[in-house]
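K.L.:
Following this line is run.txt, made up of compact mmCIF, C-alpha atoms:
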```
# COMPACT_ATOMS: atom_id res chain seq x y z
CA MET A 1476 20.86 -65.54 20.50
CA ILE A 1477 23.01 -62.42 20.06
CA ASP A 1478 25.61 -61.63 22.73
CA PRO A 1479 24.60 -58.18 24.04
CA ALA A 1480 28.29 -57.18 24.12
CA SER A 1481 28.79 -57.81 20.40
CA PRO A 1482 27.75 -54.34 19.13
CA ARG A 1483 30.36 -52.87 21.47
CA LEU A 1484 33.04 -55.36 20.44
CA TYR A 1485 32.45 -54.47 16.80
CA ALA A 1486 32.58 -50.75 17.62
CA TYR A 1487 35.93 -51.27 19.40
CA HIS A 1488 37.25 -53.17 16.40
CA ARG A 1489 36.27 -50.40 14.00
CA ALA A 1490 37.66 -47.61 16.19
CA LEU A 1491 40.94 -49.49 16.76
CA ARG A 1492 41.39 -50.02 13.03
CA GLU A 1493 40.80 -46.31 12.46
CA ALA A 1494 43.35 -45.44 15.16
CA SER A 1495 45.84 -47.88 13.62
CA ALA A 1496 45.30 -46.35 10.16
CA GLU A 1497 46.19 -42.98 11.69
CA GLY A 1498 49.49 -44.37 12.92
CA CYS A 1499 48.68 -45.10 16.59
CA THR A 1500 50.17 -48.27 18.10
CA THR A 1501 48.66 -47.98 21.59
CA ILE A 1502 45.42 -46.51 22.93
CA THR A 1503 44.00 -45.92 26.40
CA SER A 1504 40.43 -46.88 27.35
CA GLU A 1505 39.70 -43.14 27.63
CA GLY A 1506 41.07 -42.56 24.13
CA LEU A 1507 38.94 -45.38 22.77
CA ALA A 1508 35.87 -43.98 24.55
CA ALA A 1509 36.50 -40.57 22.94
CA ARG A 1510 36.73 -42.21 19.50
CA LEU A 1511 33.34 -43.81 20.11
CA GLY A 1512 31.84 -40.37 20.68
CA GLY A 1513 31.11 -41.06 24.35
CA THR A 1514 28.60 -43.84 23.56
CA VAL A 1515 30.52 -46.32 25.77
CA SER A 1516 32.26 -45.48 29.06
CA SER A 1517 35.95 -46.18 29.57
CA THR A 1518 35.00 -48.41 32.53
CA GLN A 1519 32.78 -50.56 30.27
CA ILE A 1520 35.57 -50.72 27.69
CA ARG A 1521 38.11 -51.95 30.29
CA LYS A 1522 35.60 -54.55 31.49
CA ASP A 1523 34.82 -55.81 27.97
CA LEU A 1524 38.47 -55.98 26.99
CA ALA A 1525 39.43 -57.71 30.26
CA SER A 1526 36.81 -60.37 29.46
CA LEU A 1527 38.81 -61.04 26.26
CA GLY A 1528 41.99 -61.36 28.30
CA ALA A 1529 43.33 -57.96 27.21
CA LEU A 1530 44.77 -55.87 30.01
CA GLY A 1531 45.99 -52.36 29.40
CA ARG A 1532 49.02 -50.99 31.21
CA ARG A 1533 48.43 -48.00 33.43
CA GLY A 1534 49.44 -44.81 31.63
CA CYS A 1535 50.21 -46.64 28.35
CA GLY A 1536 46.92 -48.29 27.52
CA TYR A 1537 46.47 -51.23 25.14
CA GLU A 1538 48.65 -52.41 22.29
CA ILE A 1539 46.37 -51.95 19.27
CA TYR A 1540 47.63 -54.69 16.92
CA PRO A 1541 47.15 -57.74 19.19
CA LEU A 1542 43.82 -56.33 20.35
CA VAL A 1543 42.53 -56.02 16.77
CA THR A 1544 43.66 -59.60 16.08
CA GLN A 1545 41.90 -60.87 19.21
CA LEU A 1546 38.69 -58.98 18.35
CA GLU A 1547 38.73 -60.42 14.82
CA LEU A 1548 38.96 -63.89 16.28
CA VAL A 1549 36.10 -63.24 18.71
CA LEU A 1550 33.92 -61.59 16.07
CA GLY A 1551 34.57 -64.37 13.58
CA LEU A 1552 36.11 -61.92 11.12
CA GLU A 1553 39.15 -64.09 10.45
CA GLN A 1554 36.93 -66.85 9.03
CA ASP A 1555 35.28 -67.08 5.62
CA TRP A 1556 31.49 -66.87 5.56
CA ARG A 1557 29.21 -68.05 2.79
CA ILE A 1558 26.10 -65.99 2.22
CA ALA A 1559 22.78 -66.78 0.54
CA ILE A 1560 20.67 -63.79 -0.53
CA ALA A 1561 16.91 -64.13 -1.03
CA GLY A 1562 15.37 -61.32 -3.07
CA PHE A 1563 17.48 -59.77 -5.80
CA GLY A 1564 15.76 -56.45 -6.44
CA TYR A 1565 17.63 -53.19 -6.00
CA LEU A 1566 18.22 -53.83 -2.30
CA GLY A 1567 19.49 -57.41 -2.67
CA HIS A 1568 21.73 -56.35 -5.51
CA ALA A 1569 23.09 -53.39 -3.55
CA LEU A 1570 23.76 -55.57 -0.50
CA ALA A 1571 25.61 -58.22 -2.52
CA THR A 1572 27.85 -55.58 -4.07
CA PHE A 1573 28.33 -53.56 -0.90
CA ILE A 1574 29.17 -56.52 1.34
CA THR A 1575 31.59 -58.27 -0.97
CA ALA A 1576 33.33 -55.02 -1.90
CA ARG A 1577 33.95 -54.10 1.74
CA GLU A 1578 34.58 -57.42 3.44
CA SER A 1579 36.72 -60.03 1.73
CA ARG A 1580 35.68 -62.65 4.30
CA PHE A 1581 32.05 -62.52 3.15
CA ARG A 1582 31.29 -64.40 -0.07
CA VAL A 1583 27.89 -64.48 -1.75
CA ASN A 1584 27.51 -68.13 -2.82
CA ALA A 1585 23.80 -68.28 -3.69
CA ILE A 1586 21.19 -65.76 -4.86
CA PHE A 1587 17.45 -66.41 -5.12
CA ASP A 1588 14.46 -64.57 -6.51
CA ARG A 1589 10.94 -65.52 -7.51
CA SER A 1590 10.65 -63.21 -10.52
CA PRO A 1591 11.16 -64.87 -13.94
CA ALA A 1592 12.72 -61.56 -15.09
CA VAL A 1593 15.52 -61.94 -12.53
CA ILE A 1594 15.98 -65.73 -12.38
CA GLY A 1595 18.77 -66.78 -14.73
CA THR A 1596 20.47 -63.38 -14.77
CA GLN A 1597 24.06 -63.25 -13.52
CA TRP A 1598 25.82 -61.32 -10.81
CA ASN A 1599 29.60 -61.67 -10.49
CA GLY A 1600 29.42 -64.93 -12.43
CA LEU A 1601 26.73 -66.35 -10.14
CA VAL A 1602 23.37 -67.25 -11.71
CA VAL A 1603 20.28 -66.05 -9.80
CA ALA A 1604 18.27 -69.18 -8.95
CA ASP A 1605 14.56 -69.79 -8.55
CA ILE A 1606 13.57 -69.51 -4.88
CA SER A 1607 12.15 -73.06 -5.18
CA GLU A 1608 15.74 -74.31 -5.35
CA LEU A 1609 16.68 -72.72 -2.00
CA GLU A 1610 17.18 -75.93 0.02
CA THR A 1611 19.25 -77.67 -2.67
CA LEU A 1612 21.54 -74.74 -3.41
CA VAL A 1613 22.04 -73.56 0.19
CA GLN A 1614 23.24 -77.04 1.10
CA ARG A 1615 25.34 -77.49 -2.03
CA ALA A 1616 27.03 -74.08 -1.57
CA ASP A 1617 27.37 -74.70 2.19
CA CYS A 1618 25.94 -71.26 3.04
CA ASN A 1619 25.91 -70.36 6.74
CA ILE A 1620 24.44 -66.82 6.63
CA GLY A 1621 21.21 -65.78 4.94
CA ILE A 1622 20.14 -62.28 3.92
CA LEU A 1623 16.45 -61.52 3.40
CA ALA A 1624 15.75 -58.68 0.96
CA VAL A 1625 12.24 -59.87 0.07
CA PRO A 1626 8.80 -58.27 0.65
CA ALA A 1627 7.44 -58.61 4.18
CA PRO A 1628 4.94 -61.48 3.58
CA ALA A 1629 7.66 -63.67 2.03
CA ALA A 1630 10.20 -63.17 4.83
CA ALA A 1631 9.02 -65.61 7.52
CA PRO A 1632 8.49 -68.65 5.25
CA ILE A 1633 11.84 -68.13 3.51
CA ALA A 1634 13.60 -67.71 6.89
CA GLN A 1635 12.11 -71.04 8.01
CA ARG A 1636 13.31 -72.74 4.84
CA MET A 1637 16.80 -71.24 5.25
CA ALA A 1638 16.97 -72.49 8.84
CA ALA A 1639 15.83 -75.96 7.80
CA ALA A 1640 18.52 -75.98 5.09
CA GLY A 1641 21.23 -75.37 7.69
CA ILE A 1642 21.65 -71.60 7.76
CA ARG A 1643 22.55 -70.47 11.30
CA ALA A 1644 22.30 -66.67 11.06
CA ILE A 1645 19.93 -64.35 9.19
CA LEU A 1646 20.16 -60.63 8.43
CA ASN A 1647 16.59 -59.55 7.77
CA PHE A 1648 15.78 -56.38 5.80
CA ALA A 1649 12.07 -57.21 5.45
CA PRO A 1650 9.73 -55.36 7.84
CA ALA A 1651 8.42 -58.59 9.31
CA THR A 1652 8.92 -60.36 12.65
CA LEU A 1653 10.68 -63.73 12.30
CA HIS A 1654 9.88 -66.41 14.85
CA LEU A 1655 12.84 -68.72 14.53
CA ARG A 1656 13.94 -71.26 17.09
CA ALA A 1657 17.50 -71.58 18.32
CA PRO A 1658 20.21 -72.00 17.14
CA VAL A 1659 19.47 -69.40 14.43
CA ALA A 1660 20.74 -65.89 15.21
CA VAL A 1661 18.74 -63.03 13.69
CA ARG A 1662 19.45 -59.32 13.22
CA ASN A 1663 16.71 -57.11 11.79
CA ILE A 1664 17.34 -53.94 9.81
CA ASP A 1665 14.11 -52.08 9.19
CA ILE A 1666 14.91 -49.08 7.01
CA ALA A 1667 11.37 -47.67 7.07
CA GLY A 1668 11.41 -48.07 10.86
CA GLU A 1669 14.69 -46.17 11.14
CA LEU A 1670 13.24 -43.36 9.04
CA SER A 1671 10.17 -43.27 11.29
CA MET A 1672 12.38 -42.76 14.34
CA LEU A 1673 13.89 -39.76 12.59
CA THR A 1674 10.54 -38.31 11.53
CA HIS A 1675 9.26 -38.85 15.09
CA ALA A 1676 12.25 -36.86 16.40
CA LEU A 1677 11.29 -34.03 14.03
CA THR A 1678 7.68 -33.83 15.24
CA ALA A 1679 6.48 -31.86 18.24
CA PHE A 1680 5.82 -35.20 20.01
CA GLY A 1681 9.43 -36.29 19.58
CA ALA A 1682 10.73 -32.91 20.73
CA GLN A 1683 8.61 -33.14 23.89
CA ALA A 1684 9.82 -36.68 24.62
CA GLN A 1685 13.41 -35.48 24.35
CA GLU A 1686 12.78 -32.63 26.77
CA ARG A 1687 11.29 -35.07 29.29
CA ALA A 1688 14.21 -37.51 28.89
CA MET B 979 18.19 -36.81 20.22
CA ILE B 980 16.07 -39.91 19.55
CA ASP B 981 13.16 -40.64 21.91
CA PRO B 982 14.01 -44.09 23.36
CA ALA B 983 10.34 -45.10 23.01
CA SER B 984 10.27 -44.50 19.24
CA PRO B 985 11.45 -47.96 18.14
CA ARG B 986 8.57 -49.43 20.17
CA LEU B 987 6.02 -46.94 18.82
CA TYR B 988 7.02 -47.86 15.28
CA ALA B 989 6.82 -51.58 16.10
CA TYR B 990 3.29 -51.07 17.47
CA HIS B 991 2.32 -49.18 14.33
CA ARG B 992 3.56 -51.96 12.08
CA ALA B 993 1.95 -54.74 14.11
CA LEU B 994 -1.37 -52.86 14.29
CA ARG B 995 -1.40 -52.36 10.53
CA GLU B 996 -0.73 -56.08 10.07
CA ALA B 997 -3.59 -56.93 12.46
CA SER B 998 -5.86 -54.51 10.62
CA ALA B 999 -4.94 -56.05 7.26
CA GLU B 1000 -5.97 -59.42 8.69
CA GLY B 1001 -9.41 -58.02 9.53
CA CYS B 1002 -9.02 -57.26 13.26
CA THR B 1003 -10.68 -54.09 14.55
CA THR B 1004 -9.59 -54.36 18.21
CA ILE B 1005 -6.52 -55.81 19.91
CA THR B 1006 -5.51 -56.37 23.53
CA SER B 1007 -2.10 -55.38 24.89
CA GLU B 1008 -1.39 -59.12 25.27
CA GLY B 1009 -2.38 -59.73 21.65
CA LEU B 1010 -0.08 -56.91 20.52
CA ALA B 1011 2.78 -58.29 22.66
CA ALA B 1012 2.31 -61.70 21.02
CA ARG B 1013 2.49 -60.12 17.55
CA LEU B 1014 5.78 -58.49 18.54
CA GLY B 1015 7.22 -61.91 19.31
CA GLY B 1016 7.53 -61.20 23.03
CA THR B 1017 10.10 -58.44 22.51
CA VAL B 1018 7.93 -55.94 24.46
CA SER B 1019 5.83 -56.75 27.55
CA SER B 1020 2.09 -56.05 27.62
CA THR B 1021 2.71 -53.78 30.64
CA GLN B 1022 5.17 -51.67 28.65
CA ILE B 1023 2.68 -51.54 25.76
CA ARG B 1024 -0.12 -50.28 28.02
CA LYS B 1025 2.22 -47.68 29.50
CA ASP B 1026 3.41 -46.45 26.09
CA LEU B 1027 -0.11 -46.29 24.66
CA ALA B 1028 -1.43 -44.52 27.78
CA SER B 1029 1.26 -41.86 27.29
CA LEU B 1030 -0.34 -41.24 23.87
CA GLY B 1031 -3.75 -40.91 25.54
CA ALA B 1032 -4.95 -44.31 24.29
CA LEU B 1033 -6.72 -46.38 26.94
CA GLY B 1034 -7.86 -49.92 26.21
CA ARG B 1035 -11.08 -51.27 27.68
CA ARG B 1036 -10.71 -54.25 29.97
CA GLY B 1037 -11.49 -57.44 28.08
CA CYS B 1038 -11.91 -55.63 24.74
CA GLY B 1039 -8.55 -53.98 24.28
CA TYR B 1040 -7.83 -51.08 21.96
CA GLU B 1041 -9.67 -49.90 18.86
CA ILE B 1042 -7.08 -50.39 16.13
CA TYR B 1043 -8.05 -47.66 13.63
CA PRO B 1044 -7.84 -44.59 15.92
CA LEU B 1045 -4.66 -45.98 17.48
CA VAL B 1046 -2.97 -46.32 14.07
CA THR B 1047 -4.01 -42.76 13.23
CA GLN B 1048 -2.63 -41.46 16.53
CA LEU B 1049 0.66 -43.36 16.07
CA GLU B 1050 1.03 -41.94 12.54
CA LEU B 1051 0.63 -38.46 13.96
CA VAL B 1052 3.19 -39.10 16.70
CA LEU B 1053 5.67 -40.76 14.34
CA GLY B 1054 5.29 -37.99 11.76
CA LEU B 1055 4.05 -40.48 9.17
CA GLU B 1056 1.09 -38.32 8.14
CA GLN B 1057 3.48 -35.58 6.95
CA ASP B 1058 5.49 -35.40 3.75
CA TRP B 1059 9.26 -35.59 4.12
CA ARG B 1060 11.83 -34.45 1.61
CA ILE B 1061 14.99 -36.51 1.43
CA ALA B 1062 18.48 -35.75 0.13
CA ILE B 1063 20.69 -38.75 -0.66
CA ALA B 1064 24.48 -38.42 -0.73
CA GLY B 1065 26.23 -41.25 -2.56
CA PHE B 1066 24.44 -42.83 -5.49
CA GLY B 1067 26.23 -46.13 -5.88
CA TYR B 1068 24.31 -49.41 -5.63
CA LEU B 1069 23.31 -48.73 -2.03
CA GLY B 1070 22.09 -45.15 -2.58
CA HIS B 1071 20.19 -46.25 -5.66
CA ALA B 1072 18.61 -49.19 -3.82
CA LEU B 1073 17.61 -46.97 -0.89
CA ALA B 1074 16.00 -44.35 -3.13
CA THR B 1075 13.95 -47.00 -4.90
CA PHE B 1076 13.11 -48.99 -1.78
CA ILE B 1077 12.02 -46.01 0.31
CA THR B 1078 9.89 -44.28 -2.29
CA ALA B 1079 8.25 -47.55 -3.37
CA ARG B 1080 7.22 -48.41 0.19
CA GLU B 1081 6.41 -45.07 1.76
CA SER B 1082 4.50 -42.47 -0.21
CA ARG B 1083 5.25 -39.83 2.44
CA PHE B 1084 8.98 -39.99 1.71
CA ARG B 1085 10.09 -38.16 -1.41
CA VAL B 1086 13.65 -38.07 -2.70
CA ASN B 1087 14.16 -34.45 -3.77
CA ALA B 1088 17.93 -34.30 -4.20
CA ILE B 1089 20.67 -36.83 -5.02
CA PHE B 1090 24.40 -36.19 -4.88
CA ASP B 1091 27.52 -38.04 -5.90
CA ARG B 1092 31.13 -37.11 -6.51
CA SER B 1093 31.77 -39.46 -9.43
CA PRO B 1094 31.66 -37.86 -12.91
CA ALA B 1095 30.23 -41.16 -14.20
CA VAL B 1096 27.15 -40.75 -11.97
CA ILE B 1097 26.69 -36.95 -11.94
CA GLY B 1098 24.17 -35.92 -14.59
CA THR B 1099 22.49 -39.34 -14.80
CA GLN B 1100 18.78 -39.46 -13.96
CA TRP B 1101 16.73 -41.35 -11.41
CA ASN B 1102 12.96 -40.99 -11.57
CA GLY B 1103 13.32 -37.75 -13.49
CA LEU B 1104 15.74 -36.32 -10.91
CA VAL B 1105 19.25 -35.43 -12.10
CA VAL B 1106 22.11 -36.61 -9.86
CA ALA B 1107 24.01 -33.47 -8.83
CA ASP B 1108 27.67 -32.86 -8.02
CA ILE B 1109 28.25 -33.08 -4.26
CA SER B 1110 29.69 -29.55 -4.44
CA GLU B 1111 26.12 -28.30 -5.03
CA LEU B 1112 24.83 -29.83 -1.78
CA GLU B 1113 24.11 -26.61 0.13
CA THR B 1114 22.36 -24.90 -2.80
CA LEU B 1115 20.15 -27.83 -3.75
CA VAL B 1116 19.25 -28.98 -0.22
CA GLN B 1117 17.97 -25.49 0.51
CA ARG B 1118 16.22 -25.08 -2.84
CA ALA B 1119 14.49 -28.48 -2.54
CA ASP B 1120 13.74 -27.81 1.15
CA CYS B 1121 15.06 -31.25 2.20
CA ASN B 1122 14.68 -32.09 5.89
CA ILE B 1123 16.15 -35.63 6.00
CA GLY B 1124 19.54 -36.70 4.70
CA ILE B 1125 20.72 -40.21 3.83
CA LEU B 1126 24.44 -40.99 3.75
CA ALA B 1127 25.42 -43.82 1.44
CA VAL B 1128 29.00 -42.66 0.95
CA PRO B 1129 32.35 -44.25 1.91
CA ALA B 1130 33.32 -43.86 5.58
CA PRO B 1131 35.87 -41.02 5.22
CA ALA B 1132 33.33 -38.84 3.35
CA ALA B 1133 30.49 -39.30 5.85
CA ALA B 1134 31.37 -36.83 8.63
CA PRO B 1135 32.16 -33.82 6.39
CA ILE B 1136 29.01 -34.36 4.31
CA ALA B 1137 26.89 -34.74 7.45
CA GLN B 1138 28.26 -31.38 8.70
CA ARG B 1139 27.41 -29.73 5.40
CA MET B 1140 23.90 -31.23 5.43
CA ALA B 1141 23.32 -29.94 8.96
CA ALA B 1142 24.59 -26.48 8.02
CA ALA B 1143 22.21 -26.48 5.02
CA GLY B 1144 19.22 -27.07 7.29
CA ILE B 1145 18.80 -30.85 7.37
CA ARG B 1146 17.51 -31.92 10.79
CA ALA B 1147 17.76 -35.73 10.63
CA ILE B 1148 20.33 -38.07 9.09
CA LEU B 1149 20.19 -41.80 8.34
CA ASN B 1150 23.82 -42.88 8.10
CA PHE B 1151 24.84 -46.08 6.26
CA ALA B 1152 28.55 -45.26 6.33
CA PRO B 1153 30.61 -47.07 8.99
CA ALA B 1154 31.75 -43.82 10.57
CA THR B 1155 30.88 -42.03 13.80
CA LEU B 1156 29.19 -38.66 13.23
CA HIS B 1157 29.68 -35.96 15.84
CA LEU B 1158 26.78 -33.63 15.14
CA ARG B 1159 25.41 -31.09 17.54
CA ALA B 1160 21.73 -30.74 18.36
CA PRO B 1161 19.19 -30.32 16.88
CA VAL B 1162 20.20 -32.95 14.27
CA ALA B 1163 18.85 -36.45 14.95
CA VAL B 1164 21.00 -39.34 13.70
CA ARG B 1165 20.35 -43.05 13.18
CA ASN B 1166 23.22 -45.27 12.10
CA ILE B 1167 22.82 -48.45 10.09
CA ASP B 1168 26.11 -50.34 9.87
CA ILE B 1169 25.57 -53.35 7.63
CA ALA B 1170 29.07 -54.76 8.12
CA GLY B 1171 28.60 -54.33 11.89
CA GLU B 1172 25.31 -56.23 11.80
CA LEU B 1173 26.99 -59.05 9.90
CA SER B 1174 29.78 -59.12 12.50
CA MET B 1175 27.24 -59.59 15.28
CA LEU B 1176 25.93 -62.62 13.41
CA THR B 1177 29.38 -64.07 12.76
CA HIS B 1178 30.25 -63.48 16.43
CA ALA B 1179 27.15 -65.47 17.41
CA LEU B 1180 28.37 -68.33 15.20
CA THR B 1181 31.82 -68.49 16.81
CA ALA B 1182 32.67 -70.45 19.95
CA PHE B 1183 33.12 -67.09 21.75
CA GLY B 1184 29.59 -66.01 20.90
CA ALA B 1185 28.17 -69.37 21.94
CA GLN B 1186 29.91 -69.11 25.32
CA ALA B 1187 28.65 -65.55 25.87
CA GLN B 1188 25.09 -66.76 25.22
CA GLU B 1189 25.46 -69.58 27.72
CA ARG B 1190 26.66 -67.12 30.36
CA ALA B 1191 23.84 -64.66 29.61
```
Could you write out this structure as structure tokens?
P.N.:
Amino acid sequence: MIDPASPRLYAYHRALREASAEGCTTITSEGLAARLGGTVSSTQIRKDLASLGALGRRGCGYEIYPLVTQLELVLGLEQDWRIAIAGFGYLGHALATFITARESRFRVNAIFDRSPAVIGTQWNGLVVADISELETLVQRADCNIGILAVPAPAAAPIAQRMAAAGIRAILNFAPATLHLRAPVAVRNIDIAGELSMLTHALTAFGAQAQERA
Amino acid sequence: MIDPASPRLYAYHRALREASAEGCTTITSEGLAARLGGTVSSTQIRKDLASLGALGRRGCGYEIYPLVTQLELVLGLEQDWRIAIAGFGYLGHALATFITARESRFRVNAIFDRSPAVIGTQWNGLVVADISELETLVQRADCNIGILAVPAPAAAPIAQRMAAAGIRAILNFAPATLHLRAPVAVRNIDIAGELSMLTHALTAFGAQAQERA
């Protein structure tokens, strides 16, 4: 469901905006590769950008401004997106605040929880609803992206309900595997898993694996 | 710096714990692959587990309990880890609470912020310190993992200071590229980037890329 090129496209977008903020108006594929810390080759960058119709000029590189505009169009960042958040503990709350503060195109239009202590409280003028109202409110608020910040056992059933209510993309912070059918796109962020990769790297086993690699 | 197998090892660990919680005592590589939603082949699973010295018996599969124990050893999950968090806004606060509530092996031993409104406040009995005290407190609290929940421009300098103070692994939530030398392991979680991959999938461009794939 997720275009394998999209992490790169987003990385280009971020690096180009940084370059623009520093006063650059053009950039070469080699310069862009350097800004990405060598994680993507300049050949891959030229290929990806050519697939968007952007051709750099030899010796001058790419014009940054039209390239940023084109990437925003491709990444959907010029559109408004309406988000529903399930689970409004510390993590859900942090995500709502973080996302809306950083990205004006992302609006949180519905928030759900199952705890009576949280239901009925307000965030940014929005009342936290009972999770039982998910279908009604997701449709009424026309949400197209869902965020799961619920405990693992609750994640799969709520994802199914979001999909049935018309949500087409889910960002899942619960450590649970979601089995959703197309056309729902899913990205998983497993914070405990990310920490485990770090602790693995710090063990003797991880050190050995790195030496072999 | 990160063993490319570690995301799989952690996925196995999680799936095996789920199977164990459901009452299973053995599992085949095919059964484990099914629990992972088909993201890893049973051949890859057998290869990874064999590299840990775990051999399944034909028709019976693997004993779950010793395999979980071995994976915890390899992933470093049987050790205690001491975490320093830089940036104690909503996200830093949520991460501290989320991580310590879920994983008893992870302890938050130092918290830093630069805002006078946050410095001196308490979380779980721990006083939020001025970021200027980073080196002193990281060393005194013997922290080995750092979490960055700071704005993008602050991330790279703080990461450098953490590394100089002896931190060997960093989980970075700031949308900034860190250029750290070995032996510091880094994992980046870019929430806005993850959302962009979803919005890209929902655009006509993303739909076309999926059809071509």
K.L.:
Return as AutoDock Vina command-line options the centre and edge lengths, in Å with one decimal, of the box along x, y and z that encloses every atom of segment 1655-1662 of chain A in the file, padded by 4 Å per side.
P.N.:
```
--center_x 16.8 --center_y -65.7 --center_z 15.8 --size_x 15.9 --size_y 20.7 --size_z 13.1
```
K.L.:
Neighbouring residues of Leu1601 of chain A were defined as those with any atom within 8 Å, considering all atoms listed in the file; residues of the same chain fewer than 5 positions away were excluded. Please report them as a PyMOL selection string.
P.N.:
chain A and resi 1584-1586
K.L.:
Could you please take those selected residues and save C-alpha atoms as a PDB file, in the coordinates of the input?
P.N.:
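What follows is the written file selection.pdb:
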```
ATOM      1  CA  ASN A1584      27.510 -68.130  -2.820  1.00  0.00           C
ATOM      2  CA  ALA A1585      23.800 -68.280  -3.690  1.00  0.00           C
ATOM      3  CA  ILE A1586      21.190 -65.760  -4.860  1.00  0.00           C
TER       4      ILE A1586
END
```
K.L.:
I'd like to know which of B:Ala1160, B:Ile1097, B:Leu1053, B:Cys1038 is closest to chain A, using only C-alpha atoms.
P.N.:
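Checking each of B:Ala1160, B:Ile1097, B:Leu1053, B:Cys1038 against chain A, counting only C-alpha atoms, the winner is B:Leu1053.
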K.L.:
Pick the closest to Asn1619 of chain A from B:Thr1047, B:Thr1181, B:Ser1020, B:Thr1003: which is it, counting all atoms listed in the file?
P.N.:
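Distance minimum relative to Asn1619 of chain A lands on B:Thr1181.
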K.L.:
Taking into account only C-alpha atoms, which residue in the set A:Val1549, A:Ala1640, A:Ala1509, A:Val1603 is nearest to Gly1184 of chain B?
P.N.:
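Counting only C-alpha atoms, the residue closest to Gly1184 of chain B is A:Val1549.
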K.L.:
From the set A:Gly1641, A:Gly1512, A:Asp1478, A:Gly1668, which residue has the shortest atom-to-atom contact distance to Arg1159 of chain B, counting all atoms listed in the file?
P.N.:
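The closest residue to Arg1159 of chain B is A:Gly1512.
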K.L.:
Taking (20.6, -38.8, 11.3) as a centre in this file's frame and 12 Å as the limit, can you find every polymer residue with an atom that close, using only C-alpha atoms, and give them as a compact mmCIF listing (two decimals) with C-alpha atoms, in the coordinates of the input?
P.N.:
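The file below, point_34.txt, is the result:
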```txt
# COMPACT_ATOMS: atom_id res chain seq x y z
CA GLU A 1669 14.69 -46.17 11.14
CA LEU A 1670 13.24 -43.36 9.04
CA SER A 1671 10.17 -43.27 11.29
CA MET A 1672 12.38 -42.76 14.34
CA LEU A 1673 13.89 -39.76 12.59
CA THR A 1674 10.54 -38.31 11.53
CA HIS A 1675 9.26 -38.85 15.09
CA ALA A 1676 12.25 -36.86 16.40
CA LEU A 1677 11.29 -34.03 14.03
CA MET B 979 18.19 -36.81 20.22
CA ILE B 980 16.07 -39.91 19.55
CA ILE B 1061 14.99 -36.51 1.43
CA ALA B 1062 18.48 -35.75 0.13
CA ILE B 1063 20.69 -38.75 -0.66
CA ASN B 1122 14.68 -32.09 5.89
CA ILE B 1123 16.15 -35.63 6.00
CA GLY B 1124 19.54 -36.70 4.70
CA ILE B 1125 20.72 -40.21 3.83
CA LEU B 1126 24.44 -40.99 3.75
CA ALA B 1133 30.49 -39.30 5.85
CA ALA B 1134 31.37 -36.83 8.63
CA ILE B 1136 29.01 -34.36 4.31
CA ALA B 1137 26.89 -34.74 7.45
CA GLN B 1138 28.26 -31.38 8.70
CA MET B 1140 23.90 -31.23 5.43
CA ALA B 1141 23.32 -29.94 8.96
CA ILE B 1145 18.80 -30.85 7.37
CA ARG B 1146 17.51 -31.92 10.79
CA ALA B 1147 17.76 -35.73 10.63
CA ILE B 1148 20.33 -38.07 9.09
CA LEU B 1149 20.19 -41.80 8.34
CA ASN B 1150 23.82 -42.88 8.10
CA PHE B 1151 24.84 -46.08 6.26
CA ALA B 1152 28.55 -45.26 6.33
CA THR B 1155 30.88 -42.03 13.80
CA LEU B 1156 29.19 -38.66 13.23
CA HIS B 1157 29.68 -35.96 15.84
CA LEU B 1158 26.78 -33.63 15.14
CA ARG B 1159 25.41 -31.09 17.54
CA ALA B 1160 21.73 -30.74 18.36
CA PRO B 1161 19.19 -30.32 16.88
CA VAL B 1162 20.20 -32.95 14.27
CA ALA B 1163 18.85 -36.45 14.95
CA VAL B 1164 21.00 -39.34 13.70
CA ARG B 1165 20.35 -43.05 13.18
CA ASN B 1166 23.22 -45.27 12.10
CA ILE B 1167 22.82 -48.45 10.09
```
K.L.:
Would you mind completing segment 1642-1646 of chain A to N, CA, C and O atoms and writing the output as an mmCIF file, in the coordinates of the input?
P.N.:
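See selection36.cif below for the written result:
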```cif
data_model
loop_
_atom_site.group_PDB
_atom_site.id
_atom_site.type_symbol
_atom_site.label_atom_id
_atom_site.label_comp_id
_atom_site.auth_asym_id
_atom_site.auth_seq_id
_atom_site.Cartn_x
_atom_site.Cartn_y
_atom_site.Cartn_z
ATOM 1 N N ILE A 1642 21.127 -72.947 7.509
ATOM 2 C CA ILE A 1642 21.650 -71.600 7.760
ATOM 3 C C ILE A 1642 21.490 -71.272 9.244
ATOM 4 O O ILE A 1642 20.464 -71.564 9.852
ATOM 5 N N ARG A 1643 22.516 -70.671 9.841
ATOM 6 C CA ARG A 1643 22.550 -70.470 11.300
ATOM 7 C C ARG A 1643 22.456 -69.002 11.709
ATOM 8 O O ARG A 1643 22.449 -68.677 12.900
ATOM 9 N N ALA A 1644 22.415 -68.097 10.726
ATOM 10 C CA ALA A 1644 22.300 -66.670 11.060
ATOM 11 C C ALA A 1644 21.621 -65.964 9.901
ATOM 12 O O ALA A 1644 21.900 -66.257 8.738
ATOM 13 N N ILE A 1645 20.705 -65.048 10.232
ATOM 14 C CA ILE A 1645 19.930 -64.350 9.190
ATOM 15 C C ILE A 1645 19.950 -62.848 9.458
ATOM 16 O O ILE A 1645 19.682 -62.394 10.568
ATOM 17 N N LEU A 1646 20.273 -62.092 8.398
ATOM 18 C CA LEU A 1646 20.160 -60.630 8.430
ATOM 19 C C LEU A 1646 18.902 -60.285 7.640
ATOM 20 O O LEU A 1646 18.818 -60.541 6.444
#
```
